[in-house]
Amino acid sequence: MDNPIISIQNLNLYFGKQHVLRNINIEIPKNKVTVILGPSGCGKTSLLKTLNRLNDLHDDVKINGKVFLDNEDILNTTADITRIRKKMGLLSQKPSPLPMNIFNNVAYGLRINGIRRKKKLRPLVEKHLIEANLWDEVKDRLKDPASRLSIGQQQRLCLARGLAVNPEIILADEPTSALDPISSTVIEKQFIELKKHYTIILVTHVLRQARRIADHIVFMYMGEVIEQGSAKEFFQNPQQEKTKSYLKGAFN
Ligand SMILES: Nc1ncnc2c1ncn2[C@@H]1O[C@H](COP(=O)(O)OP(=O)(O)OP(=O)(O)O)[C@@H](O)[C@H]1O
Ligand SMILES: [Mg+2]
């Protein structure tokens, strides 16, 4: 692959004695949607958390290997971890708006980046709410608590907050699993729009969703990468037996 934005090399992750990621090698293309597929428990969330250095928070974890982002090995860097996390926004399965109003939820992301003056905050909050496709629904109620939004709106608010941090990469762990089909489609469309400016890595269980939005696929099974490549090749011409069974629905 020419100039992958992320290159994962010989990555292993253990929780205690459990070998959760097994010698993983993955390349992630820039400005594309990469979808990570695989049955429950195969290590998808653990992989996303490793990229964001969130597994560091667990006691009993051992990680080895290399993860290059912009030619810097983020696992073996002396650099500030906060700086690495700022490059990658993580959107989780369950929206987690902060206990403050809609405006301040997005402004929070901007403040992390040192933008504090109201005059500067206001247009940027609007910009990121537009990017997350939420502006029209909230522009007249920016002072309302975020908790009053529907779950689908909360998820888009969290997306807006993540974008406000100005990341290069958006990590999304089953971002639509709590949403109805219409809200899911809204978010999916937004990812397709956002890839012009961001690299997106998305975990999903929904094969139809992967078919709709993926440019690139990584298929995992029990901690290993079984197959990866262009979405078109993956769906039309899978190479591995496990992939073929998975696509037939054998593991779901
Ligand atoms: N903090 C942790 N401590 C110990 N084991 C963990 C921890 N987090 C995950 N695991 C284990 O690592 C394995 C992979 O879990 P992970 O959450 O990455 O799977 P997943 O592919 O995201 O599954 P799902 O599709 O159900 O979300 C599982 O066996 C899980 O029990
Ligand atoms: Mg998971």
# chains A, B, ... in the order shown; residues from 1 in each chain; ligands from 1

$ residues_near_ligand --ligand "ligand 1" --cutoff "7 Å" --atoms "only C-alpha atoms and all ligand atoms" --output "ChimeraX atom specification"
/A:15,20,38-47,58,205

$ write_last_selection --atoms "N, CA and C atoms" --output "mmCIF file, in the first residue's frame"
data_model
loop_
_atom_site.group_PDB
_atom_site.id
_atom_site.type_symbol
_atom_site.label_atom_id
_atom_site.label_comp_id
_atom_site.auth_asym_id
_atom_site.auth_seq_id
_atom_site.Cartn_x
_atom_site.Cartn_y
_atom_site.Cartn_z
ATOM 1 N N PHE A 15 -3.981 -9.797 27.872
ATOM 2 C CA PHE A 15 -4.590 -9.424 29.148
ATOM 3 C C PHE A 15 -4.294 -10.576 30.098
ATOM 4 N N VAL A 20 -4.702 -11.833 23.352
ATOM 5 C CA VAL A 20 -5.902 -11.279 22.718
ATOM 6 C C VAL A 20 -5.658 -10.820 21.272
ATOM 7 N N GLY A 38 -15.503 -9.000 12.338
ATOM 8 C CA GLY A 38 -15.125 -10.247 12.998
ATOM 9 C C GLY A 38 -16.102 -10.575 14.102
ATOM 10 N N PRO A 39 -16.198 -11.862 14.464
ATOM 11 C CA PRO A 39 -17.156 -12.269 15.475
ATOM 12 C C PRO A 39 -16.858 -11.660 16.850
ATOM 13 N N SER A 40 -17.846 -11.644 17.697
ATOM 14 C CA SER A 40 -17.718 -11.113 19.049
ATOM 15 C C SER A 40 -16.544 -11.761 19.775
ATOM 16 N N GLY A 41 -15.755 -10.928 20.443
ATOM 17 C CA GLY A 41 -14.643 -11.441 21.237
ATOM 18 C C GLY A 41 -13.354 -11.634 20.458
ATOM 19 N N CYS A 42 -13.329 -11.293 19.165
ATOM 20 C CA CYS A 42 -12.126 -11.563 18.360
ATOM 21 C C CYS A 42 -11.035 -10.517 18.572
ATOM 22 N N GLY A 43 -11.367 -9.404 19.249
ATOM 23 C CA GLY A 43 -10.307 -8.432 19.565
ATOM 24 C C GLY A 43 -10.443 -7.080 18.887
ATOM 25 N N LYS A 44 -11.601 -6.790 18.316
ATOM 26 C CA LYS A 44 -11.775 -5.540 17.553
ATOM 27 C C LYS A 44 -11.634 -4.306 18.455
ATOM 28 N N THR A 45 -12.352 -4.325 19.585
ATOM 29 C CA THR A 45 -12.288 -3.178 20.499
ATOM 30 C C THR A 45 -10.879 -3.048 21.083
ATOM 31 N N SER A 46 -10.288 -4.183 21.416
ATOM 32 C CA SER A 46 -8.924 -4.146 21.964
ATOM 33 C C SER A 46 -7.965 -3.510 20.967
ATOM 34 N N LEU A 47 -8.160 -3.795 19.696
ATOM 35 C CA LEU A 47 -7.301 -3.204 18.668
ATOM 36 C C LEU A 47 -7.487 -1.685 18.606
ATOM 37 N N HIS A 58 -5.184 -0.350 31.730
ATOM 38 C CA HIS A 58 -5.378 -1.605 32.463
ATOM 39 C C HIS A 58 -4.062 -2.062 33.092
ATOM 40 N N HIS A 205 -20.617 -4.940 13.368
ATOM 41 C CA HIS A 205 -21.075 -6.322 13.261
ATOM 42 C C HIS A 205 -21.970 -6.470 12.044
#

$ residues_around --residues "range 86-94 of chain A" --least-positions-apart "3" --cutoff "6 Å" --atoms "only C-alpha atoms" --output "list in words"
Arg83, Gly162, Pro167, Glu168, Ile169, Ile170, Leu171, Ala172, Asp173, Glu174 and Pro175 of chain A

$ select_by_dssp --residues "range 27-178 of chain A" --states "strand (DSSP E or B)" --output "VMD selection string"
chain A and resid 27 to 28 33 to 37 61 to 69 72 to 73 88 to 91 101 145 169 to 173

$ write_last_selection --atoms "N, CA and C atoms" --output "mmCIF file, in the first residue's frame"
data_model
loop_
_atom_site.group_PDB
_atom_site.id
_atom_site.type_symbol
_atom_site.label_atom_id
_atom_site.label_comp_id
_atom_site.auth_asym_id
_atom_site.auth_seq_id
_atom_site.Cartn_x
_atom_site.Cartn_y
_atom_site.Cartn_z
ATOM 1 N N GLU A 27 -2.247 -2.438 7.545
ATOM 2 C CA GLU A 27 -1.988 -1.098 7.015
ATOM 3 C C GLU A 27 -3.321 -0.412 6.773
ATOM 4 N N ILE A 28 -3.402 0.839 7.216
ATOM 5 C CA ILE A 28 -4.641 1.606 7.109
ATOM 6 C C ILE A 28 -4.460 2.723 6.091
ATOM 7 N N VAL A 33 -12.498 4.826 4.468
ATOM 8 C CA VAL A 33 -13.166 4.144 5.574
ATOM 9 C C VAL A 33 -12.651 2.704 5.620
ATOM 10 N N THR A 34 -11.950 2.376 6.707
ATOM 11 C CA THR A 34 -11.533 0.993 6.923
ATOM 12 C C THR A 34 -12.489 0.382 7.942
ATOM 13 N N VAL A 35 -13.085 -0.741 7.585
ATOM 14 C CA VAL A 35 -14.016 -1.411 8.496
ATOM 15 C C VAL A 35 -13.344 -2.655 9.068
ATOM 16 N N ILE A 36 -13.408 -2.792 10.386
ATOM 17 C CA ILE A 36 -12.895 -3.990 11.048
ATOM 18 C C ILE A 36 -14.077 -4.905 11.340
ATOM 19 N N LEU A 37 -14.011 -6.110 10.791
ATOM 20 C CA LEU A 37 -15.080 -7.091 10.938
ATOM 21 C C LEU A 37 -14.569 -8.292 11.722
ATOM 22 N N VAL A 61 -1.904 -5.690 31.506
ATOM 23 C CA VAL A 61 -1.818 -5.753 30.057
ATOM 24 C C VAL A 61 -0.359 -5.742 29.607
ATOM 25 N N LYS A 62 -0.079 -6.541 28.579
ATOM 26 C CA LYS A 62 1.270 -6.526 27.996
ATOM 27 C C LYS A 62 1.117 -6.337 26.485
ATOM 28 N N ILE A 63 1.852 -5.379 25.950
ATOM 29 C CA ILE A 63 1.749 -5.088 24.518
ATOM 30 C C ILE A 63 3.149 -5.104 23.926
ATOM 31 N N ASN A 64 3.318 -5.779 22.791
ATOM 32 C CA ASN A 64 4.554 -5.562 22.041
ATOM 33 C C ASN A 64 4.273 -5.469 20.551
ATOM 34 N N GLY A 65 5.246 -4.939 19.825
ATOM 35 C CA GLY A 65 5.058 -4.664 18.405
ATOM 36 C C GLY A 65 5.177 -3.182 18.152
ATOM 37 N N LYS A 66 4.842 -2.792 16.917
ATOM 38 C CA LYS A 66 4.974 -1.381 16.555
ATOM 39 C C LYS A 66 3.705 -0.879 15.896
ATOM 40 N N VAL A 67 3.357 0.359 16.215
ATOM 41 C CA VAL A 67 2.241 1.014 15.525
ATOM 42 C C VAL A 67 2.740 2.373 15.045
ATOM 43 N N PHE A 68 2.971 2.472 13.726
ATOM 44 C CA PHE A 68 3.452 3.737 13.190
ATOM 45 C C PHE A 68 2.294 4.621 12.761
ATOM 46 N N LEU A 69 2.308 5.845 13.267
ATOM 47 C CA LEU A 69 1.362 6.864 12.819
ATOM 48 C C LEU A 69 2.214 8.038 12.382
ATOM 49 N N GLU A 72 5.785 7.829 13.299
ATOM 50 C CA GLU A 72 6.190 7.787 14.705
ATOM 51 C C GLU A 72 5.603 6.523 15.320
ATOM 52 N N ASP A 73 6.432 5.746 16.022
ATOM 53 C CA ASP A 73 5.926 4.535 16.670
ATOM 54 C C ASP A 73 5.211 4.936 17.965
ATOM 55 N N MET A 88 -6.429 11.102 17.340
ATOM 56 C CA MET A 88 -7.435 10.074 17.053
ATOM 57 C C MET A 88 -8.625 10.211 17.974
ATOM 58 N N GLY A 89 -9.738 10.597 17.433
ATOM 59 C CA GLY A 89 -10.949 10.687 18.246
ATOM 60 C C GLY A 89 -11.618 9.319 18.308
ATOM 61 N N LEU A 90 -12.034 8.900 19.498
ATOM 62 C CA LEU A 90 -12.715 7.601 19.633
ATOM 63 C C LEU A 90 -14.201 7.810 19.903
ATOM 64 N N LEU A 91 -15.000 7.208 19.051
ATOM 65 C CA LEU A 91 -16.456 7.272 19.216
ATOM 66 C C LEU A 91 -16.893 5.889 19.672
ATOM 67 N N ASN A 101 -24.425 21.634 28.585
ATOM 68 C CA ASN A 101 -25.335 21.888 27.469
ATOM 69 C C ASN A 101 -24.705 21.518 26.121
ATOM 70 N N PRO A 145 -29.600 20.974 27.984
ATOM 71 C CA PRO A 145 -28.672 19.907 28.367
ATOM 72 C C PRO A 145 -28.584 18.844 27.272
ATOM 73 N N ILE A 169 -7.668 11.125 12.629
ATOM 74 C CA ILE A 169 -8.274 9.804 12.480
ATOM 75 C C ILE A 169 -9.484 9.701 13.401
ATOM 76 N N ILE A 170 -10.545 9.095 12.892
ATOM 77 C CA ILE A 170 -11.709 8.846 13.735
ATOM 78 C C ILE A 170 -11.811 7.340 13.949
ATOM 79 N N LEU A 171 -11.763 6.925 15.223
ATOM 80 C CA LEU A 171 -11.946 5.525 15.562
ATOM 81 C C LEU A 171 -13.381 5.379 16.039
ATOM 82 N N ALA A 172 -14.126 4.474 15.445
ATOM 83 C CA ALA A 172 -15.536 4.356 15.820
ATOM 84 C C ALA A 172 -15.843 2.890 16.103
ATOM 85 N N ASP A 173 -16.246 2.618 17.351
ATOM 86 C CA ASP A 173 -16.502 1.239 17.767
ATOM 87 C C ASP A 173 -18.005 0.973 17.750
#

$ closest_residue --among "A:Val138, A:Leu48, A:Glu233, A:Leu207" --to "ligand 2" --atoms "only C-alpha atoms and all ligand atoms"
A:Leu48

$ residues_around --residues "range 243-252 of chain A" --least-positions-apart "3" --cutoff "8 Å" --atoms "only C-alpha atoms" --output "number ranges by chain"
A: 38-39, 207, 219, 226-227, 235, 238-240

$ closest_residue --among "A:Asn104, A:Ile213, A:Val203, A:Pro181" --to "Lys49 in chain A" --atoms "only C-alpha atoms"
A:Val203

$ select_by_dssp --residues "range 9-238 of chain A" --states "alpha helix (DSSP H)" --output "number ranges by chain"
A: 44-51, 81-87, 102-112, 118-131, 135-138, 151-164, 181-194, 207-213, 231-236

$ residues_around --residues "Leu179 in chain A" --least-positions-apart "4" --cutoff "10 Å" --atoms "only C-alpha atoms" --output "NGL selection string"
:A and (93-94 or 150-153 or 155 or 175 or 183-185 or 187)

$ atom_distance --atom1 "CA of His197 in chain A" --atom2 "CA of Leu163 in chain A"
10.6 Å

$ atom_distance --atom1 "CA of Leu129 in chain A" --atom2 "CA of Ile200 in chain A"
18.0 Å

$ closest_residue --among "A:Gln236, A:Asn113, A:Gln209, A:Gln228" --to "Ile24 in chain A" --atoms "only C-alpha atoms"
A:Gln228

$ closest_residue --among "A:Asn52, A:Thr204, A:Thr77, A:Ser230" --to "ligand 2" --atoms "only C-alpha atoms and all ligand atoms"
A:Thr204

$ closest_residue --among "A:Leu202, A:Ala164, A:Ile217, A:Leu142" --to "ligand 2" --atoms "only C-alpha atoms and all ligand atoms"
A:Leu202

$ residues_around --residues "Arg148 in chain A" --least-positions-apart "6" --cutoff "12 Å" --atoms "only C-alpha atoms" --output "list in words"
Pro97, Leu98, Pro99, Met100, Asn101, Ile102, Val138, Arg141, Leu142, Gln154 and Leu157 of chain A

$ closest_residue --among "A:Pro123, A:Cys158, A:Ser177, A:Met1" --to "ligand 2" --atoms "only C-alpha atoms and all ligand atoms"
A:Ser177

$ atom_distance --atom1 "CA of Asn23 in chain A" --atom2 "CA of Val218 in chain A"
14.1 Å
